[in-house]
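So this one's input_22.txt, compact mmCIF, C-alpha atoms:
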```txt
# COMPACT_ATOMS: atom_id res chain seq x y z
CA MET M 1 71.38 -29.63 191.34
CA ASP M 2 71.32 -30.69 195.00
CA ASP M 3 68.47 -32.25 196.99
CA THR M 4 67.22 -28.91 198.31
CA SER M 5 66.99 -27.12 194.96
CA ALA M 6 63.56 -26.33 193.57
CA PRO M 7 62.66 -27.66 190.12
CA PRO M 8 63.47 -25.38 187.15
CA ARG M 9 60.77 -23.14 185.71
CA LEU M 10 59.99 -22.51 182.02
CA THR M 11 63.61 -22.66 180.92
CA ARG M 12 62.71 -24.31 177.56
CA LEU M 13 60.23 -21.64 176.50
CA THR M 14 61.15 -18.80 174.16
CA PHE M 15 57.70 -17.22 174.15
CA HIS M 16 55.12 -17.79 176.87
CA GLY M 17 52.53 -19.03 174.39
CA PRO M 18 52.04 -21.09 171.22
CA LEU M 19 54.12 -18.91 168.92
CA SER M 20 56.78 -20.01 166.46
CA GLU M 21 59.89 -18.04 165.60
CA GLU M 22 58.65 -17.71 162.01
CA ARG M 23 55.24 -16.32 162.99
CA ALA M 24 56.83 -13.92 165.47
CA ASP M 25 59.12 -12.55 162.75
CA ARG M 26 56.18 -12.04 160.39
CA MET M 27 54.09 -10.28 163.02
CA ILE M 28 56.96 -7.96 163.97
CA HIS M 29 57.39 -7.01 160.32
CA ARG M 30 53.68 -6.23 159.96
CA LEU M 31 53.64 -4.17 163.15
CA THR M 32 56.63 -2.06 162.13
CA ASP M 33 56.21 -1.61 158.38
CA ARG M 34 53.71 1.25 158.85
CA LEU M 35 55.82 3.18 161.36
CA ALA M 36 57.59 6.31 160.21
CA PRO M 37 61.21 5.23 159.63
CA ASP M 38 62.76 8.12 161.56
CA ALA M 39 60.20 8.39 164.37
CA PRO M 40 60.99 6.45 167.56
CA ALA M 41 58.05 4.24 168.51
CA THR M 42 56.71 3.46 171.96
CA VAL M 43 55.76 -0.10 172.88
CA LEU M 44 53.57 -1.19 175.79
CA ASP M 45 53.48 -4.91 176.67
CA LEU M 46 50.65 -5.88 179.02
CA GLY M 47 51.10 -9.06 181.03
CA CYS M 48 54.53 -9.20 179.45
CA GLY M 49 56.15 -12.07 181.36
CA TRP M 50 59.77 -11.86 180.29
CA GLY M 51 58.81 -9.80 177.25
CA GLU M 52 60.58 -11.80 174.55
CA PHE M 53 58.34 -10.53 171.75
CA MET M 54 58.70 -6.93 172.94
CA LEU M 55 62.50 -7.23 173.04
CA ARG M 56 62.57 -8.53 169.48
CA LEU M 57 60.28 -5.73 168.39
CA LEU M 58 62.58 -3.14 170.00
CA ALA M 59 65.60 -4.70 168.31
CA ALA M 60 63.83 -4.35 164.96
CA THR M 61 62.99 -0.67 165.52
CA PRO M 62 66.11 1.31 166.53
CA GLY M 63 65.27 4.21 168.80
CA SER M 64 62.02 2.70 170.03
CA THR M 65 61.37 2.29 173.74
CA GLY M 66 59.23 -0.18 175.64
CA VAL M 67 57.47 -0.75 178.95
CA GLY M 68 56.40 -4.20 180.11
CA LEU M 69 53.93 -4.75 182.94
CA ASP M 70 53.57 -7.98 184.87
CA LEU M 71 53.14 -9.22 188.42
CA ASN M 72 55.65 -12.09 188.31
CA LYS M 73 58.97 -10.83 189.63
CA ASP M 74 60.94 -13.83 188.34
CA ASP M 75 59.70 -13.33 184.79
CA LEU M 76 60.45 -9.62 184.98
CA ALA M 77 63.98 -10.32 186.21
CA ARG M 78 64.48 -12.69 183.27
CA GLY M 79 63.30 -9.97 180.90
CA ARG M 80 65.66 -7.38 182.39
CA ALA M 81 68.60 -9.78 182.13
CA ASN M 82 67.78 -10.58 178.50
CA ALA M 83 67.45 -6.86 177.70
CA GLU M 84 70.86 -6.11 179.19
CA ALA M 85 72.47 -9.01 177.35
CA ARG M 86 71.12 -7.70 174.03
CA GLY M 87 72.09 -4.08 174.60
CA LEU M 88 68.48 -2.99 175.10
CA GLY M 89 68.62 -2.22 178.81
CA GLU M 90 68.42 1.55 178.32
CA ARG M 91 65.38 1.30 176.04
CA VAL M 92 63.04 -0.87 178.07
CA ARG M 93 61.52 -0.96 181.54
CA PHE M 94 60.00 -4.03 183.18
CA VAL M 95 57.55 -2.88 185.85
CA GLN M 96 55.97 -5.06 188.52
CA GLU M 97 52.39 -3.80 188.64
CA SER M 98 48.88 -4.64 187.53
CA ALA M 99 47.73 -3.56 184.08
CA VAL M 100 44.16 -2.94 185.29
CA ASP M 101 43.40 0.77 184.73
CA THR M 102 47.09 1.36 183.99
CA GLY M 103 48.35 4.89 183.62
CA HIS M 104 50.94 3.83 181.05
CA GLY M 105 50.24 4.65 177.42
CA PRO M 106 49.05 5.54 174.95
CA ALA M 107 51.69 3.73 172.92
CA ASP M 108 52.31 3.27 169.22
CA ILE M 109 52.31 -0.51 169.57
CA VAL M 110 50.40 -2.27 172.34
CA LEU M 111 50.98 -5.97 172.96
CA CYS M 112 48.58 -8.20 174.86
CA LEU M 113 49.58 -11.78 174.14
CA GLY M 114 47.44 -14.25 176.04
CA ALA M 115 47.03 -11.71 178.82
CA SER M 116 43.62 -10.07 178.43
CA HIS M 117 42.86 -11.19 181.99
CA ALA M 118 45.55 -8.73 183.12
CA LEU M 119 43.49 -5.78 181.88
CA SER M 120 40.27 -6.34 183.76
CA ASP M 121 38.84 -7.81 186.93
CA ALA M 122 35.78 -8.96 184.97
CA GLN M 123 35.13 -12.67 184.71
CA PRO M 124 35.03 -14.59 181.40
CA PRO M 125 33.58 -13.99 178.89
CA GLU M 126 33.12 -10.31 179.84
CA HIS M 127 36.86 -9.87 180.39
CA THR M 128 37.50 -9.99 176.63
CA VAL M 129 35.14 -7.07 175.99
CA ALA M 130 36.67 -5.11 178.87
CA ALA M 131 40.19 -5.84 177.63
CA LEU M 132 39.40 -4.63 174.12
CA ARG M 133 37.99 -1.38 175.50
CA ALA M 134 41.14 -0.89 177.55
CA LEU M 135 43.35 -1.61 174.54
CA ARG M 136 41.46 0.95 172.48
CA ARG M 137 42.28 3.54 175.13
CA LEU M 138 45.93 2.53 175.36
CA VAL M 139 46.86 2.65 171.67
CA ALA M 140 47.93 5.92 170.10
CA PRO M 141 46.18 7.23 166.97
CA GLY M 142 47.57 5.44 163.94
CA GLY M 143 49.11 2.76 166.14
CA ARG M 144 48.66 -0.98 166.25
CA VAL M 145 47.49 -3.52 168.82
CA LEU M 146 48.61 -7.13 168.72
CA LEU M 147 46.12 -9.20 170.68
CA GLY M 148 46.60 -12.89 171.41
CA GLU M 149 43.27 -14.20 172.63
CA ALA M 150 41.75 -17.62 173.22
CA PHE M 151 38.70 -18.84 171.33
CA TRP M 152 36.83 -22.12 170.88
CA LYS M 153 37.73 -23.88 167.64
CA ARG M 154 34.58 -25.93 168.18
CA PRO M 155 32.13 -26.24 171.08
CA PRO M 156 33.77 -28.29 173.86
CA THR M 157 32.04 -31.44 175.05
CA ALA M 158 31.02 -31.95 178.66
CA GLN M 159 33.81 -34.50 179.03
CA GLU M 160 36.40 -32.06 177.68
CA LEU M 161 35.17 -29.27 179.94
CA ALA M 162 35.42 -31.58 182.94
CA ALA M 163 39.08 -32.22 182.09
CA MET M 164 39.93 -28.49 181.87
CA TRP M 165 40.42 -25.98 184.66
CA PRO M 166 37.88 -25.62 187.51
CA ASP M 167 34.56 -24.06 186.43
CA ALA M 168 35.47 -24.25 182.72
CA SER M 169 32.43 -23.27 180.70
CA ALA M 170 31.36 -23.43 177.07
CA THR M 171 30.52 -19.72 177.34
CA GLU M 172 34.00 -18.79 178.58
CA PHE M 173 35.25 -17.99 175.06
CA SER M 174 33.61 -17.12 171.77
CA ASP M 175 34.40 -18.58 168.38
CA LEU M 176 36.87 -16.81 166.09
CA ALA M 177 34.27 -14.89 164.08
CA ASP M 178 32.61 -13.52 167.21
CA LEU M 179 35.99 -12.60 168.70
CA VAL M 180 36.83 -10.51 165.63
CA ASP M 181 33.38 -8.90 165.81
CA LEU M 182 34.08 -7.92 169.42
CA ALA M 183 37.26 -6.17 168.29
CA VAL M 184 35.32 -4.27 165.63
CA ASP M 185 32.68 -3.27 168.18
CA ALA M 186 35.46 -1.92 170.43
CA GLY M 187 36.64 0.50 167.73
CA PHE M 188 39.20 -1.49 165.75
CA ARG M 189 39.59 -2.77 162.23
CA PRO M 190 41.20 -6.22 162.03
CA ALA M 191 44.16 -5.74 159.69
CA TRP M 192 45.33 -9.32 160.09
CA THR M 193 43.77 -12.45 161.60
CA GLU M 194 45.76 -15.63 162.18
CA THR M 195 45.67 -18.53 164.62
CA ALA M 196 48.25 -20.70 166.33
CA SER M 197 48.75 -24.05 164.65
CA LEU M 198 48.52 -27.40 166.40
CA ASP M 199 52.29 -27.73 165.97
CA GLU M 200 52.83 -24.40 167.76
CA TRP M 201 50.57 -25.57 170.58
CA GLU M 202 52.41 -28.87 170.92
CA VAL M 203 55.83 -27.21 170.94
CA PHE M 204 54.61 -24.76 173.58
CA GLU M 205 52.95 -27.34 175.82
CA SER M 206 55.92 -29.71 175.63
CA ALA M 207 58.44 -26.96 176.33
CA TYR M 208 56.21 -25.67 179.15
CA GLN M 209 56.89 -28.84 181.14
CA ALA M 210 60.03 -30.40 179.61
CA ASP M 211 62.53 -29.04 182.13
CA VAL M 212 60.38 -30.12 185.08
CA GLU M 213 59.72 -33.58 183.58
CA GLU M 214 63.47 -34.15 183.22
CA TRP M 215 64.02 -32.90 186.76
CA LEU M 216 61.40 -35.35 188.07
CA ALA M 217 63.04 -38.22 186.22
CA ALA M 218 66.36 -37.38 187.89
CA HIS M 219 64.91 -36.56 191.35
CA PRO M 220 62.03 -39.00 191.99
CA ASP M 221 62.53 -38.90 195.77
CA HIS M 222 63.14 -35.16 196.15
CA PRO M 223 61.06 -33.53 198.91
CA LEU M 224 59.28 -31.45 196.25
CA ALA M 225 58.81 -34.33 193.81
CA LYS M 226 55.27 -35.37 194.77
CA GLU M 227 53.70 -31.91 194.60
CA THR M 228 55.62 -31.17 191.41
CA ARG M 229 54.51 -34.46 189.85
CA ASP M 230 50.89 -33.81 190.81
CA ARG M 231 51.04 -30.34 189.27
CA VAL M 232 52.59 -31.31 185.94
CA ASP M 233 50.48 -34.47 185.61
CA GLY M 234 47.38 -32.35 186.21
CA HIS M 235 48.39 -29.81 183.60
CA ARG M 236 49.18 -32.50 181.05
CA GLY M 237 45.74 -34.02 181.57
CA THR M 238 44.08 -30.63 181.19
CA TRP M 239 45.85 -30.17 177.87
CA LEU M 240 45.60 -33.65 176.35
CA ARG M 241 42.13 -34.56 177.63
CA GLY M 242 40.69 -31.07 177.75
CA TYR M 243 41.62 -28.23 175.41
CA ARG M 244 43.98 -29.83 172.87
CA GLY M 245 42.43 -29.18 169.46
CA VAL M 246 39.44 -27.49 171.11
CA MET M 247 40.79 -24.14 172.32
CA GLY M 248 42.62 -21.98 169.83
CA LEU M 249 44.66 -18.83 170.15
CA ALA M 250 44.02 -16.00 167.70
CA TYR M 251 46.60 -13.36 166.91
CA LEU M 252 44.78 -10.22 165.81
CA THR M 253 46.63 -7.19 164.45
CA LEU M 254 44.19 -4.37 165.18
CA VAL M 255 44.11 -0.82 163.86
CA PRO M 256 42.19 1.81 165.88
CA VAL M 257 39.46 3.64 164.00
CA SER M 258 40.14 7.37 163.89
```

What would the structure in this file look like if it were written as structure tokens?
Amino acid sequence: MDDTSAPPRLTRLTFHGPLSEERADRMIHRLTDRLAPDAPATVLDLGCGWGEFMLRLLAATPGSTGVGLDLNKDDLARGRANAEARGLGERVRFVQESAVDTGHGPADIVLCLGASHALSDAQPPEHTVAALRALRRLVAPGGRVLLGEAFWKRPPTAQELAAMWPDASATEFSDLADLVDLAVDAGFRPAWTETASLDEWEVFESAYQADVEEWLAAHPDHPLAKETRDRVDGHRGTWLRGYRGVMGLAYLTLVPVS
């Protein structure tokens, strides 16, 4: 890497969230075990990033097709390249567009993994309610939604909130029980409720910054080093002093009520 190259971005991450390989495999099995074996399924991934979970789901369901929506062109390009490398290029589309009021769907399986903000312009905490309503519209009868959504594991302290993102509020998220109730109110039954473990969070947060940390160690005087250092140091403080052990991520497998 020469002195003009930008630092790498997210190269150590498999999934863009606290999700282990083992949990991903289990969730894919649960999502697909109710599908008719000979009927091709449709998959819609909202705020897909590079769509790793969607690609694995397509690989597990021959004949299925997928559409991923996101605004980040680099992530979408990574997803397309991975799809081609795995022989899935003809079965998936990565589309650069907003998911708000999307015309895509309904789909047999709808994924929204840490991306409920992509479904609504509403501010927290109302965005969760709006996202659930949108997901209910986007899932086909008899289909499944996999929602990855943040919740408070316990009420954050004032000191923890001050260490988080700007304008972080104790009302920004609900607790897990209230989150599941919101899904029920939106017209779903929660077939499965699970939460990311602390180990999954730590693997994710470490991998989120590992490539940049190593780049900074090797390029301390690079023209981009100071702004990069400030950014990663700020994120690390937000995690370790703010939401570590306080904010959880729930994975809800939701079934629409007929």

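The space between CA of Leu119 in chain M and CA of Leu55 in chain M spans 21.0 Å.
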
Kindly assemble as JSON lines a list of the range 155-183 of chain M residues that lie within 12 Å of range 231-234 of chain M, each paired with its nearest atom pair and their distance in Å to one decimal, using only C-alpha atoms, sorted first by chain and then by ascending residue number.
```
{"residue": "M:Ala163", "atom": "CA", "partner": "M:Gly234", "partner_atom": "CA", "distance": 9.3}
{"residue": "M:Met164", "atom": "CA", "partner": "M:Gly234", "partner_atom": "CA", "distance": 9.4}
{"residue": "M:Trp165", "atom": "CA", "partner": "M:Gly234", "partner_atom": "CA", "distance": 9.6}
{"residue": "M:Pro166", "atom": "CA", "partner": "M:Gly234", "partner_atom": "CA", "distance": 11.7}
```

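Note that CA of Val212 in chain M and CA of Thr11 in chain M are 9.1 Å apart.
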
Could you check how far CA of Asp101 in chain M sits from CA of Arg136 in chain M, in Å to one decimal? 12.4 Å

Padding 5 Å on each side, edges along x, y and z: where is the centre of the box around the listed atoms of range 188-193 of chain M, and how long are its edges in Å to one decimal? Output it as JSON.
```
{"center_x": 42.3, "center_y": -7.0, "center_z": 162.7, "size_x": 16.1, "size_y": 21.0, "size_z": 16.1}
```

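Among the candidates M:Leu240, M:Ala168, M:Ala250, M:Ala177, the one nearest to Gln123 in chain M when counting all atoms listed in the file is M:Ala168.
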
Return as JSON lines the residues of range 57-129 of chain M lying at most 10 Å from range 173-176 of chain M, together with the closest atom-to-atom pair for each and the distance in Å to one decimal, counting all atoms listed in the file, with rows in chain order and ascending residue number.
```
{"residue": "M:Pro124", "atom": "CA", "partner": "M:Phe173", "partner_atom": "CA", "distance": 7.2}
{"residue": "M:Pro125", "atom": "CA", "partner": "M:Phe173", "partner_atom": "CA", "distance": 5.8}
{"residue": "M:Glu126", "atom": "CA", "partner": "M:Phe173", "partner_atom": "CA", "distance": 9.3}
{"residue": "M:His127", "atom": "CA", "partner": "M:Phe173", "partner_atom": "CA", "distance": 9.8}
{"residue": "M:Thr128", "atom": "CA", "partner": "M:Phe173", "partner_atom": "CA", "distance": 8.5}
```

I need the residues from that last selection saved to file as a compact mmCIF listing (two decimals), in the coordinates of the input (with C-alpha atoms), if you can.
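out.txt was written with the following content:
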```txt
# COMPACT_ATOMS: atom_id res chain seq x y z
CA PRO M 124 35.03 -14.59 181.40
CA PRO M 125 33.58 -13.99 178.89
CA GLU M 126 33.12 -10.31 179.84
CA HIS M 127 36.86 -9.87 180.39
CA THR M 128 37.50 -9.99 176.63
```

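For Leu224 in chain M, the list of residues within 10 Å, based on all atoms listed in the file and with local chain neighbours fewer than 2 positions off taken out, reads Asp3, Thr4, Ser5, Ala6, Pro7, Leu216, His219, Pro220, Asp221, His222, Lys226, Glu227, Thr228 and Arg229 of chain M.
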
Range 111-151 of chain M residues near range 66-79 of chain M within 10 Å, closest pair each, using only C-alpha atoms, as a tab-separated table:
```
residue	atom	partner	partner_atom	distance
M:Leu111	CA	M:Gly68	CA	9.1
M:Ala115	CA	M:Asp70	CA	9.7
M:Ala118	CA	M:Asp70	CA	8.2
```

Spatial neighbours of Gly105 in chain M, max dist 10 Å, all atoms listed in the file, sep filter under 4 positions, as JSON, numbers by chain: {"M": [42, 43, 44, 67, 109, 110, 135, 137, 138, 139, 140]}

Residue contacts of Gly242 in chain M (12 Å, only C-alpha atoms) excluding same-chain residues fewer than 5 positions away, as a PyMOL selection string: chain M and resi 152+155-166+168-169+234-237+247

Which residues are near Ser20 in chain M? Cut-off 9 Å, all atoms listed in the file, ignore same chain within fewer than 2 positions. Put them as a short mmCIF file (atom, residue, chain, number, x, y, z; two decimals) with C-alpha atoms, in the coordinates of the input.
```cif
data_model
loop_
_atom_site.label_atom_id
_atom_site.label_comp_id
_atom_site.auth_asym_id
_atom_site.auth_seq_id
_atom_site.Cartn_x
_atom_site.Cartn_y
_atom_site.Cartn_z
CA THR M 14 61.15 -18.80 174.16
CA PHE M 15 57.70 -17.22 174.15
CA PRO M 18 52.04 -21.09 171.22
CA GLU M 22 58.65 -17.71 162.01
CA ARG M 23 55.24 -16.32 162.99
CA ALA M 24 56.83 -13.92 165.47
CA ASP M 25 59.12 -12.55 162.75
CA ALA M 196 48.25 -20.70 166.33
CA ASP M 199 52.29 -27.73 165.97
CA GLU M 200 52.83 -24.40 167.76
CA VAL M 203 55.83 -27.21 170.94
CA PHE M 204 54.61 -24.76 173.58
#
```

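With only C-alpha atoms as the atoms that count, the residue of M:Glu213, M:Arg244, M:Ser258, M:Arg12 with the shortest distance to Asp230 in chain M is M:Glu213.
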
Taking only C-alpha atoms, show range 16-139 of chain M of the given structure as a PDB file, in the first residue's frame.
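What ended up in selection.pdb:
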```
ATOM      1  CA  HIS M  16     -22.165  -6.472   9.013  1.00  0.00           C
ATOM      2  CA  GLY M  17     -23.391  -7.126  12.542  1.00  0.00           C
ATOM      3  CA  PRO M  18     -22.836  -9.258  15.658  1.00  0.00           C
ATOM      4  CA  LEU M  19     -23.638 -12.601  14.075  1.00  0.00           C
ATOM      5  CA  SER M  20     -21.659 -15.825  14.335  1.00  0.00           C
ATOM      6  CA  GLU M  21     -21.358 -18.406  11.584  1.00  0.00           C
ATOM      7  CA  GLU M  22     -23.140 -20.932  13.815  1.00  0.00           C
ATOM      8  CA  ARG M  23     -26.126 -18.665  14.516  1.00  0.00           C
ATOM      9  CA  ALA M  24     -26.394 -17.723  10.849  1.00  0.00           C
ATOM     10  CA  ASP M  25     -26.546 -21.403   9.861  1.00  0.00           C
ATOM     11  CA  ARG M  26     -29.280 -22.080  12.420  1.00  0.00           C
ATOM     12  CA  MET M  27     -31.354 -19.103  11.315  1.00  0.00           C
ATOM     13  CA  ILE M  28     -31.077 -20.073   7.649  1.00  0.00           C
ATOM     14  CA  HIS M  29     -32.290 -23.573   8.489  1.00  0.00           C
ATOM     15  CA  ARG M  30     -35.282 -22.202  10.401  1.00  0.00           C
ATOM     16  CA  LEU M  31     -36.167 -19.797   7.599  1.00  0.00           C
ATOM     17  CA  THR M  32     -36.081 -22.477   4.918  1.00  0.00           C
ATOM     18  CA  ASP M  33     -37.476 -25.568   6.640  1.00  0.00           C
ATOM     19  CA  ARG M  34     -41.087 -24.423   6.091  1.00  0.00           C
ATOM     20  CA  LEU M  35     -40.673 -23.628   2.395  1.00  0.00           C
ATOM     21  CA  ALA M  36     -42.135 -26.005  -0.149  1.00  0.00           C
ATOM     22  CA  PRO M  37     -39.174 -28.080  -1.371  1.00  0.00           C
ATOM     23  CA  ASP M  38     -39.942 -27.665  -5.071  1.00  0.00           C
ATOM     24  CA  ALA M  39     -41.163 -24.062  -5.019  1.00  0.00           C
ATOM     25  CA  PRO M  40     -38.538 -21.385  -5.751  1.00  0.00           C
ATOM     26  CA  ALA M  41     -38.543 -18.764  -2.995  1.00  0.00           C
ATOM     27  CA  THR M  42     -38.072 -15.027  -3.301  1.00  0.00           C
ATOM     28  CA  VAL M  43     -35.817 -13.179  -0.878  1.00  0.00           C
ATOM     29  CA  LEU M  44     -35.767  -9.430  -0.215  1.00  0.00           C
ATOM     30  CA  ASP M  45     -32.862  -8.009   1.814  1.00  0.00           C
ATOM     31  CA  LEU M  46     -33.424  -4.449   3.046  1.00  0.00           C
ATOM     32  CA  GLY M  47     -30.335  -2.413   3.875  1.00  0.00           C
ATOM     33  CA  CYS M  48     -28.404  -5.416   2.634  1.00  0.00           C
ATOM     34  CA  GLY M  49     -24.835  -4.085   2.608  1.00  0.00           C
ATOM     35  CA  TRP M  50     -22.936  -6.801   0.775  1.00  0.00           C
ATOM     36  CA  GLY M  51     -25.729  -9.282   1.465  1.00  0.00           C
ATOM     37  CA  GLU M  52     -23.689 -12.122   2.953  1.00  0.00           C
ATOM     38  CA  PHE M  53     -26.638 -13.645   4.807  1.00  0.00           C
ATOM     39  CA  MET M  54     -28.851 -13.404   1.714  1.00  0.00           C
ATOM     40  CA  LEU M  55     -26.211 -15.121  -0.443  1.00  0.00           C
ATOM     41  CA  ARG M  56     -25.946 -17.992   2.028  1.00  0.00           C
ATOM     42  CA  LEU M  57     -29.710 -18.273   2.124  1.00  0.00           C
ATOM     43  CA  LEU M  58     -29.856 -18.456  -1.690  1.00  0.00           C
ATOM     44  CA  ALA M  59     -27.142 -21.109  -1.719  1.00  0.00           C
ATOM     45  CA  ALA M  60     -29.238 -23.178   0.702  1.00  0.00           C
ATOM     46  CA  THR M  61     -32.396 -22.914  -1.422  1.00  0.00           C
ATOM     47  CA  PRO M  62     -31.691 -23.898  -5.053  1.00  0.00           C
ATOM     48  CA  GLY M  63     -33.912 -22.031  -7.480  1.00  0.00           C
ATOM     49  CA  SER M  64     -34.569 -19.139  -5.120  1.00  0.00           C
ATOM     50  CA  THR M  65     -33.889 -15.572  -6.204  1.00  0.00           C
ATOM     51  CA  GLY M  66     -32.989 -12.484  -4.223  1.00  0.00           C
ATOM     52  CA  VAL M  67     -32.969  -8.697  -4.348  1.00  0.00           C
ATOM     53  CA  GLY M  68     -30.822  -6.604  -2.025  1.00  0.00           C
ATOM     54  CA  LEU M  69     -31.372  -2.884  -1.503  1.00  0.00           C
ATOM     55  CA  ASP M  70     -28.773  -0.507  -0.120  1.00  0.00           C
ATOM     56  CA  LEU M  71     -27.365   2.948  -0.728  1.00  0.00           C
ATOM     57  CA  ASN M  72     -23.665   2.121  -0.348  1.00  0.00           C
ATOM     58  CA  LYS M  73     -22.230   1.419  -3.790  1.00  0.00           C
ATOM     59  CA  ASP M  74     -19.023  -0.142  -2.447  1.00  0.00           C
ATOM     60  CA  ASP M  75     -20.928  -2.662  -0.344  1.00  0.00           C
ATOM     61  CA  LEU M  76     -23.194  -3.487  -3.273  1.00  0.00           C
ATOM     62  CA  ALA M  77     -20.178  -4.038  -5.530  1.00  0.00           C
ATOM     63  CA  ARG M  78     -18.717  -6.401  -2.927  1.00  0.00           C
ATOM     64  CA  GLY M  79     -21.995  -8.312  -2.854  1.00  0.00           C
ATOM     65  CA  ARG M  80     -22.122  -8.626  -6.645  1.00  0.00           C
ATOM     66  CA  ALA M  81     -18.536  -9.879  -6.752  1.00  0.00           C
ATOM     67  CA  ASN M  82     -19.226 -12.456  -4.043  1.00  0.00           C
ATOM     68  CA  ALA M  83     -22.376 -13.603  -5.860  1.00  0.00           C
ATOM     69  CA  GLU M  84     -20.481 -14.113  -9.105  1.00  0.00           C
ATOM     70  CA  ALA M  85     -17.686 -15.987  -7.340  1.00  0.00           C
ATOM     71  CA  ARG M  86     -20.218 -18.401  -5.812  1.00  0.00           C
ATOM     72  CA  GLY M  87     -22.189 -18.981  -8.992  1.00  0.00           C
ATOM     73  CA  LEU M  88     -25.171 -16.981  -7.750  1.00  0.00           C
ATOM     74  CA  GLY M  89     -24.873 -14.003 -10.072  1.00  0.00           C
ATOM     75  CA  GLU M  90     -27.919 -14.959 -12.140  1.00  0.00           C
ATOM     76  CA  ARG M  91     -30.127 -15.387  -9.078  1.00  0.00           C
ATOM     77  CA  VAL M  92     -29.556 -12.144  -7.213  1.00  0.00           C
ATOM     78  CA  ARG M  93     -29.708  -8.414  -7.875  1.00  0.00           C
ATOM     79  CA  PHE M  94     -28.022  -5.752  -5.752  1.00  0.00           C
ATOM     80  CA  VAL M  95     -29.866  -2.466  -6.258  1.00  0.00           C
ATOM     81  CA  GLN M  96     -28.670   0.962  -5.161  1.00  0.00           C
ATOM     82  CA  GLU M  97     -31.835   2.591  -3.862  1.00  0.00           C
ATOM     83  CA  SER M  98     -33.660   3.498  -0.684  1.00  0.00           C
ATOM     84  CA  ALA M  99     -35.918   0.914   0.945  1.00  0.00           C
ATOM     85  CA  VAL M 100     -38.383   3.585   2.132  1.00  0.00           C
ATOM     86  CA  ASP M 101     -41.748   2.856   0.468  1.00  0.00           C
ATOM     87  CA  THR M 102     -40.018   0.332  -1.789  1.00  0.00           C
ATOM     88  CA  GLY M 103     -41.944  -1.200  -4.647  1.00  0.00           C
ATOM     89  CA  HIS M 104     -40.060  -4.486  -4.326  1.00  0.00           C
ATOM     90  CA  GLY M 105     -41.884  -7.392  -2.727  1.00  0.00           C
ATOM     91  CA  PRO M 106     -43.822  -9.080  -1.422  1.00  0.00           C
ATOM     92  CA  ALA M 107     -41.238 -11.799  -0.897  1.00  0.00           C
ATOM     93  CA  ASP M 108     -41.288 -15.198   0.769  1.00  0.00           C
ATOM     94  CA  ILE M 109     -38.388 -14.260   3.033  1.00  0.00           C
ATOM     95  CA  VAL M 110     -37.688 -10.659   4.019  1.00  0.00           C
ATOM     96  CA  LEU M 111     -34.427  -9.786   5.755  1.00  0.00           C
ATOM     97  CA  CYS M 112     -33.873  -6.617   7.745  1.00  0.00           C
ATOM     98  CA  LEU M 113     -30.726  -7.116   9.780  1.00  0.00           C
ATOM     99  CA  GLY M 114     -29.816  -4.034  11.771  1.00  0.00           C
ATOM    100  CA  ALA M 115     -31.390  -1.883   9.079  1.00  0.00           C
ATOM    101  CA  SER M 116     -34.844  -0.824  10.272  1.00  0.00           C
ATOM    102  CA  HIS M 117     -33.737   2.782   9.773  1.00  0.00           C
ATOM    103  CA  ALA M 118     -33.637   2.025   6.031  1.00  0.00           C
ATOM    104  CA  LEU M 119     -37.405   1.469   5.966  1.00  0.00           C
ATOM    105  CA  SER M 120     -38.617   4.744   7.390  1.00  0.00           C
ATOM    106  CA  ASP M 121     -37.742   8.408   7.705  1.00  0.00           C
ATOM    107  CA  ALA M 122     -39.229   8.407  11.221  1.00  0.00           C
ATOM    108  CA  GLN M 123     -36.922   9.133  14.127  1.00  0.00           C
ATOM    109  CA  PRO M 124     -36.251   6.661  16.972  1.00  0.00           C
ATOM    110  CA  PRO M 125     -38.143   5.120  18.647  1.00  0.00           C
ATOM    111  CA  GLU M 126     -40.980   5.537  16.109  1.00  0.00           C
ATOM    112  CA  HIS M 127     -38.835   4.109  13.309  1.00  0.00           C
ATOM    113  CA  THR M 128     -39.143   0.601  14.757  1.00  0.00           C
ATOM    114  CA  VAL M 129     -42.948   0.709  14.612  1.00  0.00           C
ATOM    115  CA  ALA M 130     -42.835   2.100  11.076  1.00  0.00           C
ATOM    116  CA  ALA M 131     -40.335  -0.554   9.994  1.00  0.00           C
ATOM    117  CA  LEU M 132     -42.486  -3.379  11.349  1.00  0.00           C
ATOM    118  CA  ARG M 133     -45.503  -2.056   9.456  1.00  0.00           C
ATOM    119  CA  ALA M 134     -43.451  -1.919   6.275  1.00  0.00           C
ATOM    120  CA  LEU M 135     -42.155  -5.451   6.819  1.00  0.00           C
ATOM    121  CA  ARG M 136     -45.699  -6.726   7.279  1.00  0.00           C
ATOM    122  CA  ARG M 137     -46.555  -5.288   3.873  1.00  0.00           C
ATOM    123  CA  LEU M 138     -43.452  -6.699   2.206  1.00  0.00           C
ATOM    124  CA  VAL M 139     -43.731 -10.335   3.307  1.00  0.00           C
TER     125      VAL M 139
END
```
